[in-house]
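*Asks:* Sharing protein14.pdb below, PDB, C-alpha atoms:
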ATOM      1  CA  ILE A  21       6.742   8.198  17.263  1.00  0.00           C
ATOM      2  CA  SER A  22       4.928   4.914  16.912  1.00  0.00           C
ATOM      3  CA  VAL A  23       1.848   5.376  19.042  1.00  0.00           C
ATOM      4  CA  GLY A  24       0.922   1.680  18.950  1.00  0.00           C
ATOM      5  CA  LYS A  25       4.351   0.268  19.715  1.00  0.00           C
ATOM      6  CA  ASN A  26       5.001   2.784  22.482  1.00  0.00           C
ATOM      7  CA  LYS A  27       1.552   2.207  24.015  1.00  0.00           C
ATOM      8  CA  LEU A  28       0.728   5.922  23.881  1.00  0.00           C
ATOM      9  CA  LYS A  29      -2.870   7.024  24.031  1.00  0.00           C
ATOM     10  CA  TYR A  30      -4.218   8.764  20.955  1.00  0.00           C
ATOM     11  CA  GLY A  31      -5.241  11.725  23.120  1.00  0.00           C
ATOM     12  CA  GLU A  32      -1.564  12.547  23.580  1.00  0.00           C
ATOM     13  CA  VAL A  33      -1.259  13.693  19.961  1.00  0.00           C
ATOM     14  CA  PHE A  34      -3.257  16.891  19.699  1.00  0.00           C
ATOM     15  CA  ILE A  35      -5.036  17.619  16.427  1.00  0.00           C
ATOM     16  CA  GLU A  36      -3.582  21.155  16.361  1.00  0.00           C
ATOM     17  CA  THR A  37      -0.135  19.564  16.119  1.00  0.00           C
ATOM     18  CA  ILE A  38      -1.154  17.823  12.918  1.00  0.00           C
ATOM     19  CA  TYR A  39      -3.197  20.508  11.175  1.00  0.00           C
ATOM     20  CA  LYS A  40      -2.399  24.066  12.259  1.00  0.00           C
ATOM     21  CA  ASP A  41      -2.289  26.043   8.995  1.00  0.00           C
ATOM     22  CA  ASN A  42      -0.324  23.470   7.003  1.00  0.00           C
ATOM     23  CA  TYR A  43      -3.161  22.579   4.659  1.00  0.00           C
ATOM     24  CA  LYS A  44      -4.843  25.959   4.039  1.00  0.00           C
ATOM     25  CA  GLY A  45      -5.237  26.679   0.340  1.00  0.00           C
ATOM     26  CA  THR A  46      -4.528  23.154  -0.803  1.00  0.00           C
ATOM     27  CA  THR A  47      -6.208  21.422  -3.730  1.00  0.00           C
ATOM     28  CA  PRO A  48      -7.896  17.993  -3.766  1.00  0.00           C
ATOM     29  CA  PHE A  49      -4.725  16.659  -5.418  1.00  0.00           C
ATOM     30  CA  ASP A  50      -2.687  18.001  -2.510  1.00  0.00           C
ATOM     31  CA  GLY A  51      -5.077  16.178  -0.185  1.00  0.00           C
ATOM     32  CA  ILE A  52      -4.467  12.919  -2.032  1.00  0.00           C
ATOM     33  CA  SER A  53      -0.711  13.413  -1.618  1.00  0.00           C
ATOM     34  CA  VAL A  54      -1.158  14.042   2.100  1.00  0.00           C
ATOM     35  CA  ILE A  55      -3.139  10.787   2.534  1.00  0.00           C
ATOM     36  CA  ILE A  56      -0.637   8.760   0.485  1.00  0.00           C
ATOM     37  CA  ASN A  57       2.233  10.142   2.560  1.00  0.00           C
ATOM     38  CA  LEU A  58       0.369   9.274   5.778  1.00  0.00           C
ATOM     39  CA  ILE A  59      -0.157   5.714   4.553  1.00  0.00           C
ATOM     40  CA  LYS A  60       3.514   5.357   3.554  1.00  0.00           C
ATOM     41  CA  LYS A  61       4.613   6.312   7.082  1.00  0.00           C
ATOM     42  CA  HIS A  62       3.099   3.107   8.465  1.00  0.00           C
ATOM     43  CA  SER A  63       4.374  -0.447   8.230  1.00  0.00           C
ATOM     44  CA  ASN A  64       2.152  -3.262   6.969  1.00  0.00           C
ATOM     45  CA  GLU A  65       1.884  -4.457  10.563  1.00  0.00           C
ATOM     46  CA  GLU A  66       0.630  -1.050  11.714  1.00  0.00           C
ATOM     47  CA  LEU A  67      -1.807  -0.826   8.798  1.00  0.00           C
ATOM     48  CA  PHE A  68      -3.313  -4.297   8.823  1.00  0.00           C
ATOM     49  CA  THR A  69      -3.141  -5.601  12.390  1.00  0.00           C
ATOM     50  CA  LYS A  70      -6.565  -5.260  13.996  1.00  0.00           C
ATOM     51  CA  SER A  71      -6.487  -3.220  17.220  1.00  0.00           C
ATOM     52  CA  TYR A  72      -2.825  -2.271  16.668  1.00  0.00           C
ATOM     53  CA  TYR A  73      -3.856   1.182  17.816  1.00  0.00           C
ATOM     54  CA  ASP A  74      -6.282   1.290  20.728  1.00  0.00           C
ATOM     55  CA  TRP A  75      -8.393   4.011  19.106  1.00  0.00           C
ATOM     56  CA  THR A  76      -9.199   1.803  16.083  1.00  0.00           C
ATOM     57  CA  GLY A  77     -11.190  -0.541  18.301  1.00  0.00           C
ATOM     58  CA  THR A  78     -11.506  -3.986  16.711  1.00  0.00           C
ATOM     59  CA  THR A  79     -10.538  -2.864  13.206  1.00  0.00           C
ATOM     60  CA  SER A  80      -7.259  -1.910  11.537  1.00  0.00           C
ATOM     61  CA  LEU A  81      -5.820   1.453  10.564  1.00  0.00           C
ATOM     62  CA  GLY A  82      -5.768   0.223   6.954  1.00  0.00           C
ATOM     63  CA  ALA A  83      -9.543  -0.208   7.061  1.00  0.00           C
ATOM     64  CA  TYR A  84      -9.876   3.444   8.043  1.00  0.00           C
ATOM     65  CA  PHE A  85      -7.638   4.486   5.156  1.00  0.00           C
ATOM     66  CA  VAL A  86      -9.694   2.387   2.718  1.00  0.00           C
ATOM     67  CA  SER A  87     -12.852   4.007   4.047  1.00  0.00           C
ATOM     68  CA  ALA A  88     -11.384   7.500   3.705  1.00  0.00           C
ATOM     69  CA  THR A  89      -9.909   6.930   0.237  1.00  0.00           C
ATOM     70  CA  SER A  90     -11.102   4.359  -2.287  1.00  0.00           C
ATOM     71  CA  SER A  91     -14.474   3.632  -0.682  1.00  0.00           C
ATOM     72  CA  HIS A  92     -15.189   7.349  -0.395  1.00  0.00           C
ATOM     73  CA  TYR A  93     -14.211   7.873  -4.050  1.00  0.00           C
ATOM     74  CA  ASP A  94     -16.450   4.980  -5.112  1.00  0.00           C
ATOM     75  CA  TRP A  95     -19.364   6.414  -3.110  1.00  0.00           C
ATOM     76  CA  ALA A  96     -18.888   9.893  -4.607  1.00  0.00           C
ATOM     77  CA  THR A  97     -18.670   8.513  -8.162  1.00  0.00           C
ATOM     78  CA  LYS A  98     -21.929   6.587  -7.754  1.00  0.00           C
ATOM     79  CA  LEU A  99     -23.619   9.640  -6.263  1.00  0.00           C
ATOM     80  CA  LEU A 100     -22.491  11.847  -9.162  1.00  0.00           C
ATOM     81  CA  LYS A 101     -23.673   9.282 -11.738  1.00  0.00           C
ATOM     82  CA  LYS A 102     -27.066   9.121 -10.041  1.00  0.00           C
ATOM     83  CA  PHE A 103     -27.302  12.911 -10.014  1.00  0.00           C
ATOM     84  CA  LEU A 104     -26.346  13.152 -13.703  1.00  0.00           C
ATOM     85  CA  PHE A 105     -28.955  10.511 -14.570  1.00  0.00           C
ATOM     86  CA  ILE A 106     -31.639  12.426 -12.667  1.00  0.00           C
ATOM     87  CA  ILE A 107     -30.908  15.674 -14.507  1.00  0.00           C
ATOM     88  CA  ASN A 108     -30.606  13.793 -17.828  1.00  0.00           C
ATOM     89  CA  LEU A 109     -27.013  14.592 -18.708  1.00  0.00           C
TER      90      LEU A 109
END
Kindly present the structure from the file in structure tokens form.
*Replies:*
Amino acid sequence: ISVGKNKLKYGEVFIETIYKDNYKGTTPFDGISVIINLIKKHSNEELFTKSYYDWTGTTSLGAYFVSATSSHYDWATKLLKKFLFIINL
């Protein structure tokens, strides 16, 4: 179901429907696969059109994916480097 195209409200898709127990016991690599598969399910229009989905406000779904993937990885890498520098490794 395309929530944006069908003008559905995001509240109509309950989080339990998405998660349940599907991801218990998964590894970080499994998590990466899940995110990549979520991204692949969307068209470029859905990913990069600002406000395509009402719940994204004035931004795009793609911006949320960037924030949750590459930007998060970059932040974590910098944090780890800083930590290693502090403890002199």
*Asks:* Find the residues around range 88-92 of chain A up to 9 Å (all atoms listed in the file counted), leave out those fewer than 4 positions away in its own chain, and share them as an MDAnalysis selection string.
*Replies:* chainID A and resid 52 55 83:84 96:97
*Asks:* Any idea what the distance is between CA of Tyr93 in chain A and CA of Leu58 in chain A?
*Replies:*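 Distance reported for this atom pair: 17.6 Å.
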*Asks:* Quick one, how far is CA of Glu66 in chain A from CA of Gly51 in chain A?
*Replies:* 21.7 Å
*Asks:* When you draw a straight line from CA of Ser80 in chain A to CA of Val54 in chain A, how long is it in Å?
*Replies:*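 We find that CA of Ser80 in chain A and CA of Val54 in chain A lie 19.5 Å from each other.
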*Asks:* Written as a ChimeraX atom specification, which residues does the PyMOL selection byres ((chain A and resi 68) around 10) give for the file shown?
*Replies:* /A:62-67,69-72,79-83
*Asks:* Quick one: 8 Å padding each side, axis-aligned, all listed atoms of range 65-70 of chain A - centre and edge lengths in Å to one decimal, as lines of an AutoDock Vina configuration file?
*Replies:*
center_x = -2.3
center_y = -3.2
center_z = 11.4
size_x = 24.4
size_y = 20.8
size_z = 21.2
